[in-house]
Structures are given as structure tokens and as C-alpha cells.
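run.cif (mmCIF, C-alpha atoms and all ligand atoms) appears below.
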data_run
loop_
_atom_site.label_atom_id
_atom_site.label_comp_id
_atom_site.auth_asym_id
_atom_site.auth_seq_id
_atom_site.Cartn_x
_atom_site.Cartn_y
_atom_site.Cartn_z
CA MET A 14 10.72 -10.00 -24.63
CA ARG A 15 11.78 -7.09 -22.48
CA THR A 16 15.39 -6.08 -22.61
CA ASN A 17 15.64 -3.60 -19.77
CA PHE A 18 15.75 -6.32 -17.12
CA PRO A 19 19.32 -7.28 -16.11
CA ILE A 20 18.53 -10.85 -17.17
CA ASN A 21 22.15 -12.04 -17.28
CA LYS A 22 22.44 -11.26 -13.60
CA PHE A 23 19.21 -13.10 -12.79
CA HIS A 24 20.71 -16.44 -13.86
CA ASN A 25 23.00 -16.65 -10.83
CA ILE A 26 20.31 -15.98 -8.25
CA LYS A 27 18.16 -18.65 -6.66
CA THR A 28 14.56 -18.28 -7.82
CA PRO A 29 11.95 -17.20 -6.96
CA PHE A 30 12.97 -13.73 -5.80
CA TYR A 31 11.76 -10.15 -5.97
CA TYR A 32 13.69 -7.75 -8.13
CA TYR A 33 13.22 -4.06 -7.28
CA ASP A 34 14.15 -1.47 -9.90
CA SER A 35 15.55 1.18 -7.58
CA GLY A 36 15.89 3.67 -10.45
CA LEU A 37 12.15 3.52 -11.06
CA LEU A 38 11.47 3.79 -7.33
CA ARG A 39 13.60 6.94 -7.14
CA ASP A 40 11.96 8.42 -10.25
CA THR A 41 8.57 7.81 -8.64
CA LEU A 42 9.64 9.39 -5.36
CA ASN A 43 11.09 12.41 -7.18
CA ILE A 44 7.77 12.99 -8.94
CA ILE A 45 5.81 12.72 -5.69
CA TYR A 46 8.25 15.15 -4.09
CA LYS A 47 8.02 17.60 -6.98
CA GLU A 48 4.21 17.44 -7.17
CA THR A 49 3.66 17.93 -3.45
CA THR A 50 5.91 20.98 -3.25
CA LYS A 51 3.27 22.72 -5.41
CA TYR A 52 0.99 22.65 -2.37
CA LYS A 53 2.40 24.15 0.80
CA ASN A 54 0.06 22.23 3.14
CA TYR A 55 0.52 18.68 1.77
CA CYS A 56 2.29 16.04 3.93
CA ILE A 57 3.19 12.61 2.54
CA HIS A 58 3.39 9.42 4.57
CA TYR A 59 4.51 6.16 2.99
CA ALA A 60 2.22 3.25 3.94
CA ILE A 61 4.76 0.73 5.27
CA LYS A 62 2.46 -2.24 4.79
CA ALA A 63 2.70 -2.06 0.99
CA ASN A 64 6.37 -3.07 1.14
CA SER A 65 8.48 -3.12 4.30
CA ASN A 66 11.68 -4.53 2.81
CA PRO A 67 14.38 -2.59 4.75
CA LYS A 68 16.24 -1.69 1.53
CA ILE A 69 13.08 -0.17 0.07
CA LEU A 70 12.27 1.67 3.32
CA LYS A 71 15.79 3.08 3.44
CA ILE A 72 15.42 4.61 -0.02
CA ILE A 73 11.97 6.06 0.69
CA SER A 74 12.99 7.52 4.05
CA GLN A 75 15.65 9.62 2.29
CA TYR A 76 12.92 11.73 0.67
CA GLY A 77 11.78 13.26 3.94
CA PHE A 78 8.35 11.65 3.95
CA GLY A 79 6.59 10.35 7.03
CA ALA A 80 5.35 6.80 7.58
CA ASP A 81 1.88 5.32 7.91
CA CYS A 82 1.95 2.24 10.15
CA VAL A 83 -0.69 -0.35 11.03
CA SER A 84 1.18 -2.32 13.71
CA GLY A 85 3.91 -2.02 16.33
CA GLY A 86 6.22 -4.01 14.09
CA GLU A 87 5.74 -1.44 11.34
CA ILE A 88 6.42 1.45 13.74
CA GLN A 89 9.71 -0.24 14.64
CA ALA A 90 10.56 -0.97 10.99
CA ALA A 91 9.88 2.68 10.08
CA ILE A 92 12.06 4.01 12.89
CA ASP A 93 14.85 1.52 12.08
CA ALA A 94 14.81 2.72 8.45
CA GLY A 95 15.19 6.35 9.49
CA PHE A 96 11.65 7.72 9.32
CA PRO A 97 11.32 10.40 12.02
CA PRO A 98 8.82 9.36 14.74
CA SER A 99 7.42 12.91 14.60
CA LYS A 100 6.06 12.03 11.12
CA ILE A 101 4.62 8.60 11.98
CA VAL A 102 0.87 8.04 11.96
CA TYR A 103 -0.53 4.80 13.34
CA ALA A 104 -3.87 3.30 12.26
CA GLY A 105 -5.58 -0.04 12.88
CA VAL A 106 -8.81 -1.35 14.42
CA GLY A 107 -7.02 -3.60 16.91
CA LYS A 108 -4.05 -1.91 18.53
CA SER A 109 -2.54 -3.97 21.39
CA ASP A 110 -1.31 -2.28 24.57
CA TRP A 111 2.36 -2.88 23.74
CA GLU A 112 1.86 -1.33 20.30
CA ILE A 113 0.22 1.77 21.76
CA ASN A 114 3.03 2.01 24.33
CA LEU A 115 5.63 1.76 21.57
CA GLY A 116 3.96 4.68 19.82
CA LEU A 117 3.78 6.70 23.05
CA ASP A 118 7.38 5.98 23.99
CA ASN A 119 8.56 7.16 20.59
CA ASN A 120 6.31 10.25 20.61
CA ILE A 121 4.76 9.43 17.24
CA PHE A 122 2.85 12.20 15.49
CA CYS A 123 -0.64 10.72 15.72
CA PHE A 124 -2.78 7.71 16.57
CA ASN A 125 -5.59 7.25 14.07
CA VAL A 126 -8.29 6.03 16.43
CA GLU A 127 -11.07 3.75 15.26
CA SER A 128 -13.34 3.39 18.35
CA THR A 129 -14.13 5.03 21.71
CA ALA A 130 -12.99 1.82 23.45
CA GLU A 131 -9.54 2.30 21.90
CA LEU A 132 -9.57 6.00 22.78
CA GLU A 133 -10.03 5.20 26.46
CA VAL A 134 -7.19 2.67 26.45
CA ILE A 135 -4.83 5.17 24.79
CA ASN A 136 -5.83 7.75 27.42
CA THR A 137 -5.07 5.32 30.26
CA LEU A 138 -1.71 4.23 28.83
CA ALA A 139 -0.73 7.84 28.09
CA SER A 140 -1.63 8.93 31.64
CA GLN A 141 0.60 6.17 33.06
CA ARG A 142 3.44 7.81 31.14
CA ASN A 143 2.44 11.39 31.90
CA LYS A 144 1.99 12.02 28.21
CA VAL A 145 -0.70 13.50 26.01
CA ALA A 146 -1.39 11.40 22.90
CA ASN A 147 -2.27 13.14 19.65
CA VAL A 148 -5.20 11.40 18.01
CA ALA A 149 -7.17 11.74 14.79
CA PHE A 150 -10.51 10.04 14.44
CA ARG A 151 -10.71 7.62 11.57
CA ILE A 152 -14.12 8.27 10.12
CA ASN A 153 -15.94 5.73 8.01
CA PRO A 154 -17.29 8.02 5.27
CA ASN A 155 -19.59 5.33 3.80
CA ILE A 156 -18.14 5.75 0.34
CA GLY A 157 -17.77 2.74 -1.93
CA ALA A 158 -14.62 2.99 -3.99
CA HIS A 159 -14.77 1.39 -7.43
CA THR A 160 -12.33 -1.38 -6.65
CA HIS A 161 -12.31 -5.05 -5.61
CA ALA A 162 -14.79 -5.81 -2.77
CA ASN A 163 -11.99 -7.20 -0.58
CA ILE A 164 -10.03 -3.94 -0.68
CA THR A 165 -12.79 -1.39 -0.16
CA THR A 166 -12.62 -0.07 3.39
CA GLY A 167 -14.86 3.02 3.54
CA LEU A 168 -18.33 1.43 3.53
CA ALA A 169 -20.54 1.40 6.64
CA GLU A 170 -20.46 -2.43 6.53
CA ASN A 171 -16.62 -2.55 6.80
CA LYS A 172 -14.95 -2.96 10.18
CA PHE A 173 -12.93 0.24 9.83
CA GLY A 174 -13.47 3.64 11.41
CA ILE A 175 -16.03 5.51 13.48
CA ALA A 176 -19.51 6.07 12.01
CA MET A 177 -20.12 9.63 10.80
CA ASP A 178 -23.14 9.98 13.09
CA ASP A 179 -20.94 9.29 16.11
CA LEU A 180 -18.36 11.99 15.34
CA GLU A 181 -19.66 14.76 17.63
CA LYS A 182 -20.31 12.27 20.44
CA THR A 183 -16.76 10.90 20.11
CA ILE A 184 -15.22 14.37 20.20
CA GLU A 185 -17.37 15.13 23.25
CA ILE A 186 -16.06 12.01 25.02
CA SER A 187 -12.47 12.91 24.17
CA THR A 188 -12.73 16.37 25.75
CA ARG A 189 -13.13 14.62 29.08
CA LEU A 190 -9.96 12.55 28.57
CA LYS A 191 -7.00 14.50 29.95
CA ASN A 192 -4.29 12.58 28.14
CA ILE A 193 -5.83 12.86 24.68
CA SER A 194 -5.47 15.74 22.24
CA VAL A 195 -7.69 15.55 19.16
CA ILE A 196 -5.72 16.97 16.23
CA GLY A 197 -7.52 15.75 13.14
CA LEU A 198 -9.74 13.53 11.06
CA HIS A 199 -8.56 10.49 9.14
CA PHE A 200 -10.09 8.64 6.19
CA HIS A 201 -9.05 5.76 3.93
CA ILE A 202 -11.63 4.43 1.48
CA GLY A 203 -9.80 1.54 -0.17
CA SER A 204 -6.99 0.56 -2.50
CA GLN A 205 -6.22 0.33 -6.24
CA ILE A 206 -8.56 3.26 -6.95
CA LEU A 207 -8.23 4.65 -10.48
CA ASP A 208 -11.44 6.67 -10.71
CA MET A 209 -10.66 10.20 -9.49
CA ASP A 210 -14.39 10.67 -8.81
CA ASP A 211 -13.95 8.44 -5.74
CA PHE A 212 -11.44 10.91 -4.28
CA LYS A 213 -13.76 13.77 -5.27
CA ALA A 214 -16.62 12.04 -3.40
CA LEU A 215 -14.37 11.68 -0.35
CA SER A 216 -13.44 15.39 -0.55
CA ASN A 217 -17.10 16.38 -0.64
CA ARG A 218 -17.87 14.17 2.32
CA ILE A 219 -15.00 15.72 4.29
CA ASN A 220 -16.25 19.22 3.38
CA ASP A 221 -19.70 18.33 4.80
CA LEU A 222 -18.16 16.99 8.01
CA GLN A 223 -15.97 20.08 8.41
CA CYS A 224 -19.08 22.31 8.07
CA ARG A 225 -20.84 20.25 10.72
CA LEU A 226 -17.90 20.57 13.11
CA LYS A 227 -17.62 24.30 12.50
CA GLN A 228 -21.20 24.71 13.70
CA HIS A 229 -19.99 23.29 17.01
CA GLY A 230 -17.02 25.64 16.97
CA ILE A 231 -14.57 22.81 16.25
CA VAL A 232 -11.69 23.27 13.80
CA LEU A 233 -9.07 20.52 13.62
CA PRO A 234 -5.61 21.25 12.20
CA ASN A 235 -5.11 18.01 10.25
CA ILE A 236 -7.11 16.26 7.55
CA ASN A 237 -5.71 12.87 6.54
CA VAL A 238 -7.26 11.50 3.34
CA GLY A 239 -5.45 8.13 3.46
CA GLY A 240 -4.11 6.42 0.36
CA GLY A 241 -5.57 4.21 -2.32
CA LEU A 242 -4.24 5.55 -5.63
CA GLY A 243 -4.00 2.63 -8.05
CA ILE A 244 -1.38 1.58 -10.59
CA ASN A 245 -1.65 0.33 -14.17
CA TYR A 246 -1.30 -3.45 -13.87
CA GLU A 247 -2.16 -4.00 -17.56
CA HIS A 248 0.53 -1.71 -18.96
CA PRO A 249 3.43 -1.32 -16.52
CA ASP A 250 5.79 -0.13 -19.28
CA ILE A 251 3.38 2.45 -20.69
CA GLU A 252 2.52 3.85 -17.25
CA PRO A 253 5.34 3.00 -14.83
CA ILE A 254 4.50 6.01 -12.64
CA PRO A 255 0.91 6.79 -11.63
CA ASP A 256 -0.65 10.17 -12.38
CA PHE A 257 0.30 11.91 -9.15
CA ALA A 258 -0.29 15.36 -10.66
CA GLY A 259 -3.92 14.45 -11.38
CA TYR A 260 -4.36 12.79 -8.00
CA PHE A 261 -3.07 15.72 -5.93
CA SER A 262 -4.89 18.30 -8.02
CA THR A 263 -8.18 16.39 -7.53
CA TYR A 264 -7.88 17.05 -3.81
CA ALA A 265 -6.68 20.62 -4.37
CA LYS A 266 -9.75 21.26 -6.47
CA HIS A 267 -12.41 19.61 -4.33
CA LEU A 268 -11.23 19.54 -0.73
CA ARG A 269 -11.97 22.78 1.10
CA ILE A 270 -9.06 23.38 3.43
CA LEU A 271 -8.86 26.09 6.04
CA PRO A 272 -5.77 28.35 5.93
CA ASP A 273 -3.72 26.58 8.59
CA GLN A 274 -4.92 23.05 7.98
CA LYS A 275 -2.55 20.37 6.74
CA VAL A 276 -3.59 17.64 4.31
CA HIS A 277 -1.97 14.26 4.92
CA PHE A 278 -1.67 11.47 2.35
CA GLU A 279 -0.79 7.84 2.98
CA LEU A 280 0.56 6.43 -0.27
CA GLY A 281 1.38 2.75 -0.48
CA ARG A 282 0.84 0.84 -3.70
CA SER A 283 1.33 3.88 -5.91
CA VAL A 284 4.87 4.37 -4.56
CA VAL A 285 6.26 0.85 -4.79
CA GLY A 286 3.90 -1.25 -6.96
CA GLN A 287 5.55 -0.83 -10.34
CA CYS A 288 9.18 -1.10 -9.21
CA GLY A 289 8.86 -4.73 -8.11
CA THR A 290 8.91 -7.88 -10.25
CA LEU A 291 8.65 -11.46 -9.06
CA ILE A 292 11.31 -13.41 -10.94
CA THR A 293 10.61 -17.11 -11.26
CA ARG A 294 11.96 -20.02 -13.28
CA LEU A 295 9.94 -22.30 -15.46
CA LEU A 296 10.06 -25.87 -14.18
CA TYR A 297 7.84 -27.83 -16.53
CA VAL A 298 5.47 -27.43 -19.42
CA LYS A 299 2.62 -29.85 -18.96
CA ASN A 300 -0.03 -30.68 -21.51
CA GLY A 301 -3.31 -31.19 -19.67
CA SER A 302 -6.50 -32.59 -21.20
CA TYR A 303 -7.73 -29.14 -22.23
CA LYS A 304 -4.90 -26.80 -21.41
CA LYS A 305 -1.21 -26.26 -21.43
CA PHE A 306 0.29 -25.45 -18.03
CA ALA A 307 3.48 -23.53 -17.48
CA ILE A 308 4.58 -24.61 -14.00
CA VAL A 309 6.92 -22.12 -12.34
CA ASP A 310 8.89 -22.27 -9.09
CA ALA A 311 7.06 -19.29 -7.52
CA GLY A 312 3.73 -19.89 -5.89
CA MET A 313 0.96 -18.19 -3.96
CA THR A 314 3.30 -18.29 -0.96
CA ASP A 315 5.48 -15.74 -2.77
CA LEU A 316 2.72 -13.62 -4.33
CA ILE A 317 -0.78 -14.22 -3.03
CA ARG A 318 -2.66 -11.42 -4.81
CA PRO A 319 -3.95 -13.52 -7.74
CA ALA A 320 -5.23 -16.24 -5.37
CA LEU A 321 -6.60 -13.79 -2.80
CA TYR A 322 -8.17 -11.07 -4.97
CA HIS A 323 -8.12 -12.58 -8.47
CA ALA A 324 -5.63 -9.81 -9.11
CA TYR A 325 -4.13 -9.44 -12.58
CA HIS A 326 -0.37 -9.27 -13.06
CA LYS A 327 1.25 -9.00 -16.46
CA ILE A 328 3.47 -12.03 -17.03
CA GLU A 329 6.35 -12.22 -19.52
CA ASN A 330 8.76 -14.91 -20.59
CA ILE A 331 11.93 -12.83 -20.68
CA SER A 332 14.10 -15.73 -21.92
CA SER A 333 12.20 -16.44 -25.11
CA ASN A 334 11.65 -14.67 -28.43
CA GLU A 335 9.65 -17.50 -29.94
CA GLU A 336 6.05 -17.17 -31.10
CA VAL A 337 3.45 -16.82 -28.36
CA GLU A 338 1.41 -19.76 -27.09
CA THR A 339 -1.45 -19.98 -24.62
CA TYR A 340 -0.72 -21.21 -21.10
CA ASP A 341 -2.09 -21.28 -17.59
CA ILE A 342 0.75 -20.06 -15.37
CA VAL A 343 0.67 -22.04 -12.13
CA GLY A 344 2.83 -22.55 -9.06
CA PRO A 345 3.92 -25.65 -7.13
CA ILE A 346 1.75 -25.17 -4.02
CA CYS A 347 -0.83 -27.82 -3.11
CA GLU A 348 -3.85 -25.55 -3.62
CA SER A 349 -6.01 -25.26 -6.73
CA SER A 350 -6.00 -21.49 -6.27
CA ASP A 351 -2.23 -21.42 -6.79
CA VAL A 352 -2.66 -19.91 -10.26
CA PHE A 353 -1.00 -16.70 -11.47
CA ALA A 354 -2.94 -16.44 -14.74
CA LYS A 355 -5.29 -18.48 -16.88
CA SER A 356 -5.14 -18.79 -20.69
CA ILE A 357 -2.62 -16.04 -21.33
CA GLU A 358 -0.35 -15.69 -24.32
CA ILE A 359 3.38 -15.56 -23.68
CA ASN A 360 6.44 -16.47 -25.70
CA LYS A 361 6.84 -20.23 -26.08
CA CYS A 362 8.09 -21.75 -22.83
CA HIS A 363 10.94 -24.14 -22.12
CA ARG A 364 12.30 -25.55 -18.88
CA GLY A 365 14.68 -23.04 -17.30
CA ASP A 366 13.14 -19.91 -18.86
CA ILE A 367 12.94 -16.86 -16.63
CA ILE A 368 9.39 -15.63 -16.14
CA ALA A 369 8.73 -12.08 -14.89
CA ILE A 370 5.54 -11.41 -12.93
CA ARG A 371 5.23 -7.65 -13.17
CA SER A 372 3.90 -4.87 -10.90
CA ALA A 373 4.53 -6.95 -7.79
CA GLY A 374 6.24 -4.34 -5.62
CA ALA A 375 3.19 -3.71 -3.43
CA TYR A 376 1.50 -6.35 -1.26
CA GLY A 377 3.84 -8.98 -2.72
CA GLU A 378 6.92 -9.79 -0.65
CA VAL A 379 5.19 -8.50 2.51
CA MET A 380 2.41 -11.07 2.20
CA ALA A 381 4.70 -14.05 1.58
CA SER A 382 4.24 -17.11 3.79
CA GLN A 383 6.11 -20.32 4.51
CA TYR A 384 3.18 -22.63 3.75
CA ASN A 385 4.42 -26.02 2.49
CA CYS A 386 7.66 -25.35 4.46
CA ARG A 387 8.85 -23.04 1.74
CA GLU A 388 11.58 -20.48 2.14
CA LEU A 389 10.49 -16.85 2.08
CA PRO A 390 11.45 -15.16 -1.20
CA LYS A 391 14.35 -12.71 -1.01
CA GLY A 392 14.23 -9.20 -2.41
CA TYR A 393 17.11 -7.52 -4.28
CA ILE A 394 17.45 -3.93 -5.45
CA THR A 395 19.26 -3.05 -8.68
CA GLU A 396 22.54 -2.07 -6.97
CA GLU A 397 22.88 -5.49 -5.35
CA LEU A 398 22.89 -7.58 -8.50
C1 LIG B 1 -3.28 0.23 3.41
C2 LIG B 1 -3.46 1.61 3.87
C3 LIG B 1 -2.96 2.67 3.13
C4 LIG B 1 -2.25 2.51 1.80
O1 LIG B 1 -3.12 2.09 0.80
P1 LIG B 1 -2.61 2.02 -0.72
O2 LIG B 1 -3.82 1.57 -1.46
O3 LIG B 1 -1.52 1.02 -0.78
O4 LIG B 1 -2.18 3.39 -1.12
C5 LIG B 1 -3.13 3.95 3.62
N1 LIG B 1 -3.75 4.16 4.81
C6 LIG B 1 -4.25 3.15 5.55
C7 LIG B 1 -4.90 3.45 6.85
C8 LIG B 1 -4.12 1.85 5.12
O5 LIG B 1 -4.61 0.86 5.86
#
Could you take the file, read its structure, and then write that structure out as C-alpha cells?
Amino acid sequence: MRTNFPINKFHNIKTPFYYYDSGLLRDTLNIIYKETTKYKNYCIHYAIKANSNPKILKIISQYGFGADCVSGGEIQAAIDAGFPPSKIVYAGVGKSDWEINLGLDNNIFCFNVESTAELEVINTLASQRNKVANVAFRINPNIGAHTHANITTGLAENKFGIAMDDLEKTIEISTRLKNISVIGLHFHIGSQILDMDDFKALSNRINDLQCRLKQHGIVLPNINVGGGLGINYEHPDIEPIPDFAGYFSTYAKHLRILPDQKVHFELGRSVVGQCGTLITRLLYVKNGSYKKFAIVDAGMTDLIRPALYHAYHKIENISSNEEVETYDIVGPICESSDVFAKSIEINKCHRGDIIAIRSAGAYGEVMASQYNCRELPKGYITEEL
């Protein structure tokens, strides 16, 4: 049993809900802030898609970071929360005209462009507004991160980015577009990456590309390495804050940066993952033919990661001190994949116990759905309880 959850306050709140430990979020942000000030050319953008709860965005925006958006809705959410448009970067393979226009109208810092077709549309829309759009080319570096196949994004077979071989050709096309200014290169190789060698491989690939561009006399002022730093799902209490010092120093060591170049980071999961917990109540213990099921009132509609990626979340019965027993933890949704964990040991369960599904701050609440006509889960930060 964990005692540092405000469990007495949980009893009065309708379950399931997300609980965000705002103290841990602030500690994490302070460390990121402190680590990045060691490098004068590092710029941090928070990846809104990891968690766009307005209360979370409000806290993060107070640290002076920029925002990484992947839709018009996220651009609006970032601006509403106080992120300055001049620090917003916008990526995505399928940007609609209204989304591009929203970015142009707010003078966002940069569009991370993923195809020449998109480049031409941005040029047209910018010319209609008498504006010049800053763009960075998202390059597919053909690097396989050591992570789940569904969350690797930097392989040639993925839909993301422009092929390395097309880089010079794309820059050549853009020089003919009057309302486009190419200001950088962008990369993002995947998510939940814990092997620093993957970031080293990306750095080496970027170094090669920079050499190639230099031979054509091209130097771009911004290098954006994306996000992807993972968190410790197995031991959230041992490692509540990821190793940002090691992460930033990996790039400092391997990425060759020209004197006036800026290095941009887009951190999502590593910022918010550990501060969130899905709080759910135990409805029934059911003895199946082979197994014991702990049926809880949260389902895949509230947290889809286990069903979608077979993701592991640590689960604790924070109401019970009794001896552990083995359960499958399942939700109420009419899908066989609505399982949070199979054959795990937790303290003996009784109806009404509060179950904590840990490390759920990233890609949790944001992915919730109303399937089965369910209500969306609410999210509360510490101060609100
Ligand atoms: C999702 C995403 C991120 C954030 O990834 P994390 O693994 O959560 O750090 C950063 N950049 C882009 C372009 C993304 O799509």
C-alpha cells in the first residue's frame, strides 16, 4: 500500500478519474528547466498531445517553454493556456487548410512540413495572407527506435516525414516558393525510448545530413530532434523523474551544432507521464474457471494503452494491506481486450477498494473515448481535492 496518495479525499470523488500530482509535475519541470539552462542553445517545447488537460497546460506554460502541436485544436489549446505563439511548432502528415490558416493567423514559430504537396499548400495559403511561413522539413531518418512497433515513427516504412534522399530536391523546390522560408530540419523517431544509443544514432544521422547540406552551401538555423524520452513504468516510485541530465548530455555529446544553431526538443511523455494516476474502484471479484478477475469501474475507454499497445502500467490496491493474491484486472467494456493486466499480484481485493493505475499521465486522459455511452473521465490536480 502506498501512503502518499491523498486516499481519504479520493473517497468523495466519482470514479474513475485521473489524479495529477502537481507537485511531481512541478519538480519535473524544474529539473528540465535547470538542465536546459546548462546549454545556451537548447529550446524546449511541450508536446501537447501527451496531455492537453487545461490545468496541466496552465502549469507547464508557466515555465516559459514552447508547445509542439499536431492539430489546429492543439494550437488553440496551447494558445488558450498561455503558450506564446512565437514558440509553437506544428507537425503532422495531414494538416487541413483551416489548421494551416490558424497557424498563419497566429504567426506560429514553425510548420514542420512532411511533404512537398503540403509545402505548396502552405505557400498558397500564406500568399493569400501576404505572409511568409517559417517551415522546417521533417526528415524520416530511417532509424528504428527500440520501442513498441506501433510507436516507432522514424523508419522508411512509416508514414511520417520526407525521405532523406529527397532533402536537397525539397529545399530546391522551396526556394521557388515566395511565401516559404526554410528555417530548419525536424526529426522524431518514436516514443518511450530508453536506450540513449537511439538518440546517439539520430545525432549521427543529423550530422551526416548537415555535412551534405553544407556542401550545397546550406546552413539552417534550427535543428529539432523531436521527443521520445521514455519513463519507468515498472518503478514509478524509484524513478518518478526521467534522467533528463543523461538525455540532454547525449545530444550535447553527439550532435554537432554550428555556433548559431538552436536545438529544439519536443518532450511529451517524459514531462507528464509519471504525475498521472487513473483512480478506479473495484466493483466485483469474480472467480473464473482458471482465474480470479478483479473487475474495476475504469475501462479501455478511460485508458487505452494496455489494449492498444499491450502497455504495462503498475497497478496497486491502495485500500488494502492484506496479503497479495493473483488477479486479472479488467474493465467493464464489452471488448475482450479491455484488460489492464493479466495475472498480477496485488493486495487482496474487496468490493469498494480503490485501485491506482500508475504512470498514466501521458496518452491517458487525452485518448479517452465515450464508447459504450460512457462519460469521459475527469482529471483533478492536487490543489483541487
Ligand atoms: C508525439 C510527438 C512528440 C512527443 O513524443 P513523446 O514520446 O511523448 O516525448 C514529439 N514530437 C512529435 C512530432 C510528436 O508527434
Mind running chain A against ligand LIG 1 (chain B) at 9 Å and telling me each contacting residue's nearest atom pair with the distance in Å (one decimal), counting only C-alpha atoms and all ligand atoms, chain and number ascending, as a Markdown table?
| residue | atom | partner | partner_atom | distance |
| --- | --- | --- | --- | --- |
| A:His58 | CA | B:LIG1 | C5 | 8.6 |
| A:Tyr59 | CA | B:LIG1 | C4 | 7.8 |
| A:Ala60 | CA | B:LIG1 | C4 | 5.0 |
| A:Ile61 | CA | B:LIG1 | C4 | 8.0 |
| A:Lys62 | CA | B:LIG1 | C1 | 6.4 |
| A:Ala63 | CA | B:LIG1 | O3 | 5.5 |
| A:Asp81 | CA | B:LIG1 | N1 | 6.5 |
| A:Cys82 | CA | B:LIG1 | C7 | 7.7 |
| A:Val83 | CA | B:LIG1 | O5 | 6.6 |
| A:Val102 | CA | B:LIG1 | C7 | 9.0 |
| A:Tyr103 | CA | B:LIG1 | C7 | 7.9 |
| A:Ala104 | CA | B:LIG1 | C7 | 5.5 |
| A:Gly105 | CA | B:LIG1 | C7 | 7.0 |
| A:Asn125 | CA | B:LIG1 | C7 | 8.2 |
| A:Arg151 | CA | B:LIG1 | C7 | 8.6 |
| A:Ile164 | CA | B:LIG1 | O2 | 8.3 |
| A:Thr166 | CA | B:LIG1 | O5 | 8.4 |
| A:His199 | CA | B:LIG1 | C7 | 8.3 |
| A:Phe200 | CA | B:LIG1 | C7 | 7.4 |
| A:His201 | CA | B:LIG1 | C7 | 5.6 |
| A:Ile202 | CA | B:LIG1 | C6 | 8.5 |
| A:Gly203 | CA | B:LIG1 | O2 | 6.1 |
| A:Ser204 | CA | B:LIG1 | O2 | 3.5 |
| A:Gln205 | CA | B:LIG1 | O2 | 5.5 |
| A:Ile206 | CA | B:LIG1 | O2 | 7.4 |
| A:Val238 | CA | B:LIG1 | N1 | 8.3 |
| A:Gly239 | CA | B:LIG1 | N1 | 4.5 |
| A:Gly240 | CA | B:LIG1 | O4 | 3.9 |
| A:Gly241 | CA | B:LIG1 | O2 | 3.3 |
| A:Leu242 | CA | B:LIG1 | O4 | 5.4 |
| A:Gly243 | CA | B:LIG1 | O2 | 6.7 |
| A:Phe278 | CA | B:LIG1 | C5 | 7.8 |
| A:Glu279 | CA | B:LIG1 | C5 | 4.6 |
| A:Leu280 | CA | B:LIG1 | O4 | 4.2 |
| A:Gly281 | CA | B:LIG1 | O3 | 3.4 |
| A:Arg282 | CA | B:LIG1 | O3 | 3.8 |
| A:Ser283 | CA | B:LIG1 | O4 | 6.0 |
| A:Val284 | CA | B:LIG1 | O4 | 7.9 |
| A:Val285 | CA | B:LIG1 | O3 | 8.8 |
| A:Gly286 | CA | B:LIG1 | O3 | 8.5 |
| A:Ala375 | CA | B:LIG1 | O3 | 7.2 |
| A:Tyr376 | CA | B:LIG1 | O3 | 8.0 |
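Here the question is which of A:Ser187, A:Ser84, A:Ser372, A:Asn25 gets nearest to Ile254 in chain A using all atoms listed in the file, and that residue is A:Ser372.
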| field | Residue with smallest distance to Phe353 in chain A - pool A:Gln274, A:Asn300, A:Gln89, A:Thr293, counting all atoms listed in the file | value | A:Thr293
Could you name the residues that touch Thr49 in chain A at 12 Å or less, counting all atoms listed in the file, but leaving out those on the same chain fewer than 6 positions away, as an mmCIF file with C-alpha atoms, keeping the file's coordinate frame?
data_model
loop_
_atom_site.group_PDB
_atom_site.id
_atom_site.type_symbol
_atom_site.label_atom_id
_atom_site.label_comp_id
_atom_site.auth_asym_id
_atom_site.auth_seq_id
_atom_site.Cartn_x
_atom_site.Cartn_y
_atom_site.Cartn_z
ATOM 1 C CA LEU A 42 9.640 9.390 -5.360
ATOM 2 C CA ASN A 43 11.090 12.410 -7.180
ATOM 3 C CA TYR A 55 0.520 18.680 1.770
ATOM 4 C CA CYS A 56 2.290 16.040 3.930
ATOM 5 C CA ILE A 57 3.190 12.610 2.540
ATOM 6 C CA HIS A 58 3.390 9.420 4.570
ATOM 7 C CA TYR A 76 12.920 11.730 0.670
ATOM 8 C CA GLY A 77 11.780 13.260 3.940
ATOM 9 C CA PHE A 78 8.350 11.650 3.950
ATOM 10 C CA PHE A 257 0.300 11.910 -9.150
ATOM 11 C CA ALA A 258 -0.290 15.360 -10.660
ATOM 12 C CA GLY A 259 -3.920 14.450 -11.380
ATOM 13 C CA TYR A 260 -4.360 12.790 -8.000
ATOM 14 C CA PHE A 261 -3.070 15.720 -5.930
ATOM 15 C CA SER A 262 -4.890 18.300 -8.020
ATOM 16 C CA TYR A 264 -7.880 17.050 -3.810
ATOM 17 C CA ALA A 265 -6.680 20.620 -4.370
ATOM 18 C CA VAL A 276 -3.590 17.640 4.310
ATOM 19 C CA HIS A 277 -1.970 14.260 4.920
ATOM 20 C CA PHE A 278 -1.670 11.470 2.350
#
| said: Residues within 12 Å of Tyr303 in chain A, please, as a ChimeraX atom specification. Count only C-alpha atoms; anything in the same chain fewer than 2 positions from it doesn't count. | reply: /A:299-301,305-306,339-341,356
| request: Counting all atoms listed in the file, figure out which residue out of A:Asn120, A:Thr50, A:Asn64, A:Thr314 gets nearest to Cys288 in chain A. | output: A:Asn64
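For Ser216 in chain A, the residues within 9 Å (counting all atoms listed in the file, excluding itself and residues fewer than 2 positions away along the chain) are Asp211, Phe212, Lys213, Ala214, Arg218, Ile219, Asn220, Asp221, Val238, Thr263, Tyr264, His267, Leu268 and Arg269 of chain A.
Each of A:Lys327, A:Arg189, A:Lys22, A:Arg371 was checked against Glu358 in chain A using all atoms listed in the file; the smallest atom-to-atom distance is that of A:Lys327.
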Given 5 Å of margin on each side, can you work out the centre and size in Å (one decimal) of an axis-aligned box holding every listed atom of range 259-265 of chain A, as AutoDock Vina command-line options?
--center_x -5.6 --center_y 16.7 --center_z -7.6 --size_x 15.1 --size_y 17.8 --size_z 17.6
| message | Just want the 10 Å neighbourhood of Ile394 in chain A, counted on only C-alpha atoms, with same-chain residues fewer than 3 positions away dropped. Output as an MDAnalysis selection string. | response | chainID A and resid 31:36 38 68:69 288:289 397:398
